[in-house]
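S.K.: Supplied structure: target-v7.cif, mmCIF, C-alpha atoms and all ligand atoms; chains and numbers go by the auth columns.
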```cif
data_my_file
loop_
_atom_site.group_PDB
_atom_site.id
_atom_site.type_symbol
_atom_site.label_atom_id
_atom_site.label_comp_id
_atom_site.label_asym_id
_atom_site.label_seq_id
_atom_site.Cartn_x
_atom_site.Cartn_y
_atom_site.Cartn_z
_atom_site.B_iso_or_equiv
_atom_site.auth_seq_id
_atom_site.auth_asym_id
ATOM 1 C CA MET A 1 74.993 167.727 110.121 0.00 119 F
ATOM 2 C CA ASN A 2 73.960 170.015 112.950 0.00 120 F
ATOM 3 C CA LEU A 3 73.395 169.065 116.557 0.00 121 F
ATOM 4 C CA LYS A 4 72.265 172.473 117.791 0.00 122 F
ATOM 5 C CA GLY A 5 69.909 172.127 120.745 0.00 123 F
ATOM 6 C CA LYS A 6 71.126 168.607 121.549 0.00 124 F
ATOM 7 C CA THR A 7 73.029 167.728 124.700 0.00 125 F
ATOM 8 C CA VAL A 8 75.461 164.845 124.592 0.00 126 F
ATOM 9 C CA LEU A 9 76.849 163.533 127.859 0.00 127 F
ATOM 10 C CA ILE A 10 80.206 161.841 127.342 0.00 128 F
ATOM 11 C CA GLY A 11 81.434 159.508 130.082 0.00 129 F
ATOM 12 C CA VAL A 12 85.192 159.023 130.054 0.00 130 F
ATOM 13 C CA SER A 13 86.770 156.217 132.081 0.00 131 F
ATOM 14 C CA GLY A 14 90.341 155.164 132.828 0.00 132 F
ATOM 15 C CA SER A 15 91.626 153.798 129.548 0.00 133 F
ATOM 16 C CA ILE A 16 94.563 154.836 127.431 0.00 134 F
ATOM 17 C CA ALA A 17 91.995 155.599 124.688 0.00 135 F
ATOM 18 C CA ALA A 18 90.686 158.559 126.750 0.00 136 F
ATOM 19 C CA TYR A 19 92.884 161.023 124.859 0.00 137 F
ATOM 20 C CA LYS A 20 90.956 160.264 121.657 0.00 138 F
ATOM 21 C CA ILE A 21 87.791 161.680 123.203 0.00 139 F
ATOM 22 C CA ALA A 22 89.166 165.220 122.969 0.00 140 F
ATOM 23 C CA GLY A 23 88.871 164.795 119.188 0.00 141 F
ATOM 24 C CA LEU A 24 85.313 163.475 119.487 0.00 142 F
ATOM 25 C CA VAL A 25 84.282 166.368 121.750 0.00 143 F
ATOM 26 C CA SER A 26 85.808 168.827 119.336 0.00 144 F
ATOM 27 C CA MET A 27 83.862 167.291 116.419 0.00 145 F
ATOM 28 C CA LEU A 28 80.617 167.471 118.425 0.00 146 F
ATOM 29 C CA LYS A 29 81.250 171.117 119.259 0.00 147 F
ATOM 30 C CA LYS A 30 81.767 171.849 115.565 0.00 148 F
ATOM 31 C CA GLN A 31 78.268 170.402 115.041 0.00 149 F
ATOM 32 C CA GLU A 32 77.087 172.891 117.721 0.00 150 F
ATOM 33 C CA ALA A 33 76.108 170.227 120.262 0.00 151 F
ATOM 34 C CA ASN A 34 76.122 171.063 123.949 0.00 152 F
ATOM 35 C CA VAL A 35 78.672 168.618 125.356 0.00 153 F
ATOM 36 C CA LEU A 36 78.971 167.631 129.006 0.00 154 F
ATOM 37 C CA VAL A 37 81.835 165.404 130.105 0.00 155 F
ATOM 38 C CA ALA A 38 81.721 163.165 133.172 0.00 156 F
ATOM 39 C CA MET A 39 85.045 161.535 134.048 0.00 157 F
ATOM 40 C CA THR A 40 86.063 158.902 136.521 0.00 158 F
ATOM 41 C CA GLU A 41 88.858 159.740 138.953 0.00 159 F
ATOM 42 C CA ASN A 42 91.023 157.205 137.122 0.00 160 F
ATOM 43 C CA ALA A 43 90.362 158.866 133.752 0.00 161 F
ATOM 44 C CA LYS A 44 92.213 161.932 135.077 0.00 162 F
ATOM 45 C CA ASN A 45 95.401 159.850 134.860 0.00 163 F
ATOM 46 C CA PHE A 46 94.964 159.741 131.086 0.00 164 F
ATOM 47 C CA ILE A 47 93.581 163.176 130.189 0.00 165 F
ATOM 48 C CA ASN A 48 93.301 166.428 132.088 0.00 166 F
ATOM 49 C CA PRO A 49 89.750 167.723 132.752 0.00 167 F
ATOM 50 C CA ILE A 50 90.935 171.180 131.648 0.00 168 F
ATOM 51 C CA THR A 51 91.162 169.849 128.095 0.00 169 F
ATOM 52 C CA PHE A 52 87.470 168.944 128.106 0.00 170 F
ATOM 53 C CA GLU A 53 86.464 172.111 129.976 0.00 171 F
ATOM 54 C CA THR A 54 88.211 174.256 127.388 0.00 172 F
ATOM 55 C CA LEU A 55 86.681 172.350 124.478 0.00 173 F
ATOM 56 C CA THR A 56 83.135 172.225 125.892 0.00 174 F
ATOM 57 C CA ASN A 57 82.912 175.476 127.889 0.00 175 F
ATOM 58 C CA ASN A 58 81.334 173.330 130.587 0.00 176 F
ATOM 59 C CA LYS A 59 82.681 172.187 133.918 0.00 177 F
ATOM 60 C CA CYS A 60 83.840 168.566 133.900 0.00 178 F
ATOM 61 C CA LEU A 61 81.769 166.372 136.185 0.00 179 F
ATOM 62 C CA ILE A 62 83.998 164.244 138.360 0.00 180 F
ATOM 63 C CA GLU A 63 82.963 164.372 142.003 0.00 181 F
ATOM 64 C CA THR A 64 79.454 163.384 143.061 0.00 182 F
ATOM 65 C CA PHE A 65 79.762 165.418 146.253 0.00 183 F
ATOM 66 C CA ASP A 66 81.402 168.482 144.728 0.00 184 F
ATOM 67 C CA ARG A 67 80.026 171.561 146.546 0.00 185 F
ATOM 68 C CA ASN A 68 81.659 174.126 144.299 0.00 186 F
ATOM 69 C CA PHE A 69 78.653 175.003 142.124 0.00 187 F
ATOM 70 C CA GLU A 70 75.261 176.667 142.192 0.00 188 F
ATOM 71 C CA PHE A 71 73.165 174.266 144.251 0.00 189 F
ATOM 72 C CA LYS A 72 71.215 171.573 142.492 0.00 190 F
ATOM 73 C CA THR A 73 71.495 167.831 142.655 0.00 191 F
ATOM 74 C CA GLU A 74 73.933 167.779 139.818 0.00 192 F
ATOM 75 C CA HIS A 75 73.822 164.146 138.674 0.00 193 F
ATOM 76 C CA ILE A 76 70.027 164.399 138.357 0.00 194 F
ATOM 77 C CA SER A 77 69.938 167.768 136.595 0.00 195 F
ATOM 78 C CA VAL A 78 72.636 166.632 134.161 0.00 196 F
ATOM 79 C CA ALA A 79 70.754 163.383 133.513 0.00 197 F
ATOM 80 C CA LYS A 80 67.600 165.338 132.650 0.00 198 F
ATOM 81 C CA GLN A 81 69.465 167.536 130.167 0.00 199 F
ATOM 82 C CA ALA A 82 71.081 164.701 128.219 0.00 200 F
ATOM 83 C CA ASP A 83 69.635 163.626 124.869 0.00 201 F
ATOM 84 C CA LEU A 84 72.231 160.874 124.632 0.00 202 F
ATOM 85 C CA VAL A 85 74.879 159.309 126.862 0.00 203 F
ATOM 86 C CA VAL A 86 78.064 158.010 125.281 0.00 204 F
ATOM 87 C CA ILE A 87 80.521 156.167 127.499 0.00 205 F
ATOM 88 C CA ALA A 88 83.803 156.211 125.633 0.00 206 F
ATOM 89 C CA PRO A 89 86.195 154.761 126.426 0.00 207 F
ATOM 90 C CA ALA A 90 84.302 152.301 128.614 0.00 208 F
ATOM 91 C CA THR A 91 86.643 150.289 130.833 0.00 209 F
ATOM 92 C CA ALA A 92 85.938 146.721 131.936 0.00 210 F
ATOM 93 C CA ASN A 93 85.383 148.233 135.372 0.00 211 F
ATOM 94 C CA VAL A 94 82.791 150.818 134.308 0.00 212 F
ATOM 95 C CA ILE A 95 80.987 148.266 132.113 0.00 213 F
ATOM 96 C CA GLY A 96 80.840 145.902 135.093 0.00 214 F
ATOM 97 C CA LYS A 97 79.589 148.609 137.419 0.00 215 F
ATOM 98 C CA ILE A 98 76.842 149.883 135.117 0.00 216 F
ATOM 99 C CA ALA A 99 75.729 146.346 134.192 0.00 217 F
ATOM 100 C CA ASN A 100 75.371 145.468 137.851 0.00 218 F
ATOM 101 C CA GLY A 101 73.670 148.611 139.086 0.00 219 F
ATOM 102 C CA ILE A 102 76.652 150.100 140.879 0.00 220 F
ATOM 103 C CA ALA A 103 76.650 153.883 141.054 0.00 221 F
ATOM 104 C CA ASP A 104 79.623 154.887 143.177 0.00 222 F
ATOM 105 C CA ASP A 105 80.989 157.863 141.266 0.00 223 F
ATOM 106 C CA MET A 106 79.714 160.778 139.169 0.00 224 F
ATOM 107 C CA LEU A 107 79.870 158.912 135.854 0.00 225 F
ATOM 108 C CA THR A 108 78.027 155.783 136.989 0.00 226 F
ATOM 109 C CA THR A 109 75.544 157.687 139.172 0.00 227 F
ATOM 110 C CA THR A 110 74.604 160.094 136.362 0.00 228 F
ATOM 111 C CA THR A 111 74.331 157.238 133.860 0.00 229 F
ATOM 112 C CA MET A 112 72.008 155.420 136.241 0.00 230 F
ATOM 113 C CA ALA A 113 69.766 158.514 136.394 0.00 231 F
ATOM 114 C CA CYS A 114 69.571 158.966 132.604 0.00 232 F
ATOM 115 C CA ARG A 115 66.449 157.777 130.795 0.00 233 F
ATOM 116 C CA CYS A 116 67.837 158.608 127.353 0.00 234 F
ATOM 117 C CA LYS A 117 69.601 156.183 125.002 0.00 235 F
ATOM 118 C CA LYS A 118 73.102 155.090 126.025 0.00 236 F
ATOM 119 C CA LEU A 119 75.982 154.092 123.781 0.00 237 F
ATOM 120 C CA ILE A 120 78.957 152.200 125.184 0.00 238 F
ATOM 121 C CA ALA A 121 82.332 152.079 123.416 0.00 239 F
ATOM 122 C CA PRO A 122 84.479 149.469 125.194 0.00 240 F
ATOM 123 C CA ALA A 123 88.261 149.825 125.137 0.00 241 F
ATOM 124 C CA MET A 124 90.546 147.274 126.686 0.00 242 F
ATOM 125 C CA ASN A 125 93.141 144.593 126.179 0.00 243 F
ATOM 126 C CA THR A 126 91.890 141.568 124.207 0.00 244 F
ATOM 127 C CA ASP A 127 92.243 139.192 127.150 0.00 245 F
ATOM 128 C CA MET A 128 90.150 141.538 129.279 0.00 246 F
ATOM 129 C CA TYR A 129 87.599 141.996 126.486 0.00 247 F
ATOM 130 C CA GLU A 130 87.243 138.259 125.922 0.00 248 F
ATOM 131 C CA ASN A 131 86.945 137.507 129.631 0.00 249 F
ATOM 132 C CA PRO A 132 83.548 135.794 129.994 0.00 250 F
ATOM 133 C CA ILE A 133 82.657 138.049 132.907 0.00 251 F
ATOM 134 C CA VAL A 134 83.158 141.154 130.744 0.00 252 F
ATOM 135 C CA GLN A 135 81.206 139.508 127.883 0.00 253 F
ATOM 136 C CA ASP A 136 78.442 138.646 130.313 0.00 254 F
ATOM 137 C CA ASN A 137 78.290 142.256 131.499 0.00 255 F
ATOM 138 C CA ILE A 138 78.157 143.483 127.891 0.00 256 F
ATOM 139 C CA ASP A 139 75.274 141.089 127.165 0.00 257 F
ATOM 140 C CA LYS A 140 73.524 142.387 130.242 0.00 258 F
ATOM 141 C CA LEU A 141 73.892 145.976 129.036 0.00 259 F
ATOM 142 C CA LYS A 142 72.501 145.002 125.617 0.00 260 F
ATOM 143 C CA HIS A 143 69.578 143.326 127.349 0.00 261 F
ATOM 144 C CA PHE A 144 68.772 146.600 129.114 0.00 262 F
ATOM 145 C CA GLY A 145 68.835 148.576 125.842 0.00 263 F
ATOM 146 C CA TYR A 146 72.378 149.929 125.909 0.00 264 F
ATOM 147 C CA GLU A 147 73.951 149.942 122.466 0.00 265 F
ATOM 148 C CA ILE A 148 77.505 148.648 122.207 0.00 266 F
ATOM 149 C CA ILE A 149 79.861 150.300 119.738 0.00 267 F
ATOM 150 C CA GLU A 150 81.997 147.257 119.003 0.00 268 F
ATOM 151 C CA PRO A 151 85.721 147.713 119.542 0.00 269 F
ATOM 152 C CA ASN A 152 88.005 147.173 116.564 0.00 270 F
ATOM 153 C CA CYS A 153 90.742 144.598 116.063 0.00 271 F
ATOM 154 C CA GLY A 154 94.265 145.914 115.839 0.00 272 F
ATOM 155 C CA ARG A 155 97.458 146.659 117.675 0.00 273 F
ATOM 156 C CA LEU A 156 96.607 147.675 121.229 0.00 274 F
ATOM 157 C CA ALA A 157 98.507 150.178 123.373 0.00 275 F
ATOM 158 C CA CYS A 158 99.983 147.296 125.411 0.00 276 F
ATOM 159 C CA GLY A 159 101.512 145.794 122.244 0.00 277 F
ATOM 160 C CA ASP A 160 99.046 142.900 121.923 0.00 278 F
ATOM 161 C CA VAL A 161 97.148 142.456 118.684 0.00 279 F
ATOM 162 C CA GLY A 162 93.446 141.592 118.875 0.00 280 F
ATOM 163 C CA LYS A 163 89.971 142.918 119.575 0.00 281 F
ATOM 164 C CA GLY A 164 89.547 145.661 122.162 0.00 282 F
ATOM 165 C CA LYS A 165 90.705 148.822 120.422 0.00 283 F
ATOM 166 C CA MET A 166 88.082 151.515 120.980 0.00 284 F
ATOM 167 C CA ALA A 167 86.143 152.498 117.863 0.00 285 F
ATOM 168 C CA GLU A 168 87.647 155.613 116.276 0.00 286 F
ATOM 169 C CA PRO A 169 86.071 158.995 117.195 0.00 287 F
ATOM 170 C CA GLU A 170 84.699 159.307 113.641 0.00 288 F
ATOM 171 C CA GLU A 171 82.879 155.969 114.032 0.00 289 F
ATOM 172 C CA ILE A 172 81.497 157.024 117.416 0.00 290 F
ATOM 173 C CA LEU A 173 80.332 160.328 115.900 0.00 291 F
ATOM 174 C CA GLU A 174 78.501 158.333 113.230 0.00 292 F
ATOM 175 C CA TYR A 175 76.594 156.418 115.943 0.00 293 F
ATOM 176 C CA ILE A 176 75.793 159.658 117.761 0.00 294 F
ATOM 177 C CA SER A 177 74.425 161.371 114.693 0.00 295 F
ATOM 178 C CA LYS A 178 72.393 158.315 113.704 0.00 296 F
ATOM 179 C CA GLU A 179 70.916 158.308 117.177 0.00 297 F
ATOM 180 C CA ILE A 180 70.003 161.955 117.633 0.00 298 F
ATOM 181 C CA MET A 181 69.994 163.547 114.195 0.00 299 F
ATOM 182 C CA TYR A 182 67.447 161.500 112.379 0.00 300 F
ATOM 183 C CA GLU A 183 63.824 161.462 113.369 0.00 301 F
ATOM 184 C CA LYS A 184 62.657 157.959 114.189 0.00 302 F
ATOM 185 C CA ASP A 185 59.695 158.444 111.846 0.00 303 F
ATOM 186 C CA LEU A 186 59.108 154.702 111.285 0.00 304 F
ATOM 187 C CA VAL A 187 58.813 153.895 114.980 0.00 305 F
ATOM 188 C CA GLY A 188 55.451 152.276 115.649 0.00 306 F
ATOM 189 C CA LYS A 189 54.680 151.880 111.933 0.00 307 F
ATOM 190 C CA LYS A 190 53.892 148.464 110.470 0.00 308 F
ATOM 191 C CA VAL A 191 55.552 147.608 107.161 0.00 309 F
ATOM 192 C CA LEU A 192 54.081 144.964 104.851 0.00 310 F
ATOM 193 C CA VAL A 193 56.455 143.343 102.364 0.00 311 F
ATOM 194 C CA THR A 194 54.664 141.597 99.519 0.00 312 F
ATOM 195 C CA ALA A 195 56.004 139.159 96.925 0.00 313 F
ATOM 196 C CA GLY A 196 53.913 140.357 93.960 0.00 314 F
ATOM 197 C CA PRO A 197 52.138 143.450 92.608 0.00 315 F
ATOM 198 C CA THR A 198 49.762 145.259 94.922 0.00 316 F
ATOM 199 C CA ILE A 199 46.667 147.281 94.151 0.00 317 F
ATOM 200 C CA GLU A 200 45.693 150.318 96.200 0.00 318 F
ATOM 201 C CA LYS A 201 42.229 151.709 95.547 0.00 319 F
ATOM 202 C CA ILE A 202 42.047 155.459 94.791 0.00 320 F
ATOM 203 C CA ASP A 203 38.273 155.540 94.136 0.00 321 F
ATOM 204 C CA ASP A 204 35.604 153.240 92.684 0.00 322 F
ATOM 205 C CA VAL A 205 37.197 153.323 89.220 0.00 323 F
ATOM 206 C CA ARG A 206 40.937 153.831 89.618 0.00 324 F
ATOM 207 C CA PHE A 207 43.704 152.086 91.444 0.00 325 F
ATOM 208 C CA LEU A 208 47.463 152.361 91.844 0.00 326 F
ATOM 209 C CA SER A 209 49.560 149.316 91.203 0.00 327 F
ATOM 210 C CA ASN A 210 53.103 148.278 90.440 0.00 328 F
ATOM 211 C CA HIS A 211 54.809 145.697 88.300 0.00 329 F
ATOM 212 C CA SER A 212 55.769 142.499 90.008 0.00 330 F
ATOM 213 C CA THR A 213 59.548 142.259 90.303 0.00 331 F
ATOM 214 C CA ARG A 214 61.595 139.153 90.804 0.00 332 F
HETATM 215 C C1 LIG B . 98.309 152.486 131.392 0.00 1 R
HETATM 216 C C2 LIG B . 96.985 151.885 131.719 0.00 1 R
HETATM 217 C C3 LIG B . 96.061 151.710 130.708 0.00 1 R
HETATM 218 C C4 LIG B . 94.809 151.135 130.989 0.00 1 R
HETATM 219 N N1 LIG B . 93.924 150.962 129.961 0.00 1 R
HETATM 220 C C5 LIG B . 92.754 150.336 130.230 0.00 1 R
HETATM 221 C C6 LIG B . 91.832 150.101 129.181 0.00 1 R
HETATM 222 O O1 LIG B . 92.053 150.468 128.020 0.00 1 R
HETATM 223 N N2 LIG B . 90.686 149.471 129.474 0.00 1 R
HETATM 224 C C7 LIG B . 90.381 149.056 130.749 0.00 1 R
HETATM 225 O O2 LIG B . 89.314 148.458 130.951 0.00 1 R
HETATM 226 N N3 LIG B . 91.239 149.283 131.767 0.00 1 R
HETATM 227 C C8 LIG B . 92.403 149.925 131.541 0.00 1 R
HETATM 228 N N4 LIG B . 93.262 150.146 132.565 0.00 1 R
HETATM 229 C C9 LIG B . 92.869 149.758 133.925 0.00 1 R
HETATM 230 C C10 LIG B . 91.864 150.740 134.504 0.00 1 R
HETATM 231 O O3 LIG B . 92.418 152.063 134.507 0.00 1 R
HETATM 232 C C11 LIG B . 91.478 150.307 135.912 0.00 1 R
HETATM 233 O O4 LIG B . 90.747 149.094 135.846 0.00 1 R
HETATM 234 C C12 LIG B . 90.709 151.351 136.650 0.00 1 R
HETATM 235 O O5 LIG B . 90.325 150.845 137.914 0.00 1 R
HETATM 236 C C13 LIG B . 89.462 151.791 135.879 0.00 1 R
HETATM 237 O O6 LIG B . 88.795 152.771 136.613 0.00 1 R
HETATM 238 P P1 LIG B . 87.488 153.511 136.035 0.00 1 R
HETATM 239 O O7 LIG B . 86.694 152.487 135.331 0.00 1 R
HETATM 240 O O8 LIG B . 86.813 154.013 137.258 0.00 1 R
HETATM 241 O O9 LIG B . 87.943 154.617 135.181 0.00 1 R
HETATM 242 C C14 LIG B . 94.498 150.733 132.317 0.00 1 R
HETATM 243 C C15 LIG B . 95.425 150.961 133.325 0.00 1 R
HETATM 244 C C16 LIG B . 96.640 151.521 133.031 0.00 1 R
HETATM 245 C C17 LIG B . 97.636 151.724 134.155 0.00 1 R
#
```
Starting from the file, give its structure as structure tokens.

M.R.:
Amino acid sequence: MNLKGKTVLIGVSGSIAAYKIAGLVSMLKKQEANVLVAMTENAKNFINPITFETLTNNKCLIETFDRNFEFKTEHISVAKQADLVVIAPATANVIGKIANGIADDMLTTTTMACRCKKLIAPAMNTDMYENPIVQDNIDKLKHFGYEIIEPNCGRLACGDVGKGKMAEPEEILEYISKEIMYEKDLVGKKVLVTAGPTIEKIDDVRFLSNHSTR
């Protein structure tokens, strides 16, 4: 698998699962992807931006109004570069903000500006995950074309056992490669499934057919 020429924007929010994203970023770099990381302020409590900057060779995007760069409207230029956005881990808070059109930090503002496909990998305590408000926000994201990478069941960092454990980096990588590696060469094509043999005319005399299978 090679992701050369592809830019993946990873959004990291304030969950204990944030440390796992260093592994994901490292795997993406091995596939030669260009990786940009946008973090929330709260995510910095869980992983240091220097880790991502060292792994990606790119500056971590944290502050919307950061003036310490060559001038361009950064959230827009980053959004235009991205072939795919992956928000992992996605907190209940970030899911709620994106689902409701709130763009009050670099991660949510850039996500709002991205036209490309977006994958969301929720990570949270089971009670938070099963909260109907969170479920409603997830449904809303699905409705708007965001793809949810379902969290796993297991022992959570808080000691509870249940659903809410972020999908493992290898699983997230699988989603990413499915999304940007393979050409969507069946998009727009109509497929006819028949229940018996079919005959396709080659010329006035010959035809191609197949045995009927049951
Ligand atoms: C130790 C610790 C672990 C946390 N883990 C999660 C988590 O996995 N998922 C989540 O939704 N919130 C978690 N939170 C709460 C969020 O950090 C909090 O809601 C924060 O406001 C999220 O900010 P952000 O979405 O801007 O990153 C955790 C908080 C602490 C103190």

S.K.: Which residue is closest to Asp223 (chain F)? Choose from F:Leu179, F:Ile194, F:Leu259, F:Ala206 and count all atoms listed in the file.

M.R.: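 Looking at the shortest contact to Asp223 (chain F), the residue is F:Leu179.
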
S.K.: With a distance cut-off of 8 Å and all atoms listed in the file, select the neighbouring residues of Met242 (chain F), excluding the residue or stretch itself and same-chain residues fewer than 2 positions from it, and output the selection as a list in words.

M.R.: Ser133, Thr209, Ala210, Pro240, Thr244, Met246, Tyr247, Gly282, Lys283 and Met284 of chain F

S.K.: Determine the residue membership of the PyMOL selection byres (((not hetatm)) within 9 of (chain R and resi 1)) for the file above and supply it as an NGL selection string.

M.R.: :F and (130-136 or 157-164 or 207-215 or 223 or 225-226 or 240-243 or 246-247 or 274-276 or 282-284)

S.K.: Using only C-alpha atoms, which of the listed residues (F:Gln149, F:Gln253, F:Ser144, F:Ser327) sits closest to Leu173 (chain F)?

M.R.: F:Ser144

S.K.: Return as JSON, numbers by chain the set of residues that the PyMOL selection byres (((chain F and resi 293-301) around 12) and not hetatm) yields on the displayed structure.

M.R.: {"F": [119, 120, 121, 122, 123, 124, 125, 126, 127, 128, 142, 143, 145, 146, 149, 151, 200, 201, 202, 203, 204, 205, 206, 234, 235, 236, 237, 238, 239, 265, 266, 267, 268, 285, 286, 287, 288, 289, 290, 291, 292, 302, 303, 304, 305]}

S.K.: First collect every listed atom of region 139-146 of chain F; then fit an axis-aligned box around them, widen it by 4 Å on each side, and give centre and edge lengths in Å to one decimal, as lines of an AutoDock Vina configuration file.

M.R.:
```
center_x = 84.9
center_y = 165.3
center_z = 119.8
size_x = 16.5
size_y = 15.1
size_z = 14.8
```

S.K.: When you count only C-alpha atoms, which of these residues is closest to Pro269 (chain F): F:Asn255, F:Glu248, F:Val196, F:Ile317?

M.R.: F:Glu248

S.K.: Which of these residues is nearest to Leu154 (chain F), using all atoms listed in the file: F:Pro250, F:Gln199, F:Glu181, F:Thr316?

M.R.: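 Selected residue with least distance to Leu154 (chain F): F:Gln199.
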
S.K.: Quick check, in Å to one decimal: how far apart do CA of Ile180 (chain F) and CA of Gly141 (chain F) lie?

M.R.: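 These atoms are spaced 19.8 Å apart.
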
S.K.: Taking into account all atoms listed in the file, which residue in the set F:Phe325, F:Phe183, F:Tyr264, F:Phe170 is nearest to Ile139 (chain F)?

M.R.: F:Phe170

S.K.: Report, in Å with one decimal, the straight-line distance from CA of His329 (chain F) to CA of Val309 (chain F).

M.R.: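 Pair CA of His329 (chain F) / CA of Val309 (chain F) returns 19.0 Å.
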
S.K.: Could you check how far CA of Ile216 (chain F) sits from CA of Ser195 (chain F), in Å to one decimal?

M.R.: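 CA of Ile216 (chain F) sits 19.2 Å away from CA of Ser195 (chain F).
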
S.K.: Between F:Cys232, F:Ala217, F:Val153, F:Met224, which has the minimum distance to Asp184 (chain F) (counting only C-alpha atoms)?

M.R.: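 Under the stated criterion, the closest residue is F:Met224.
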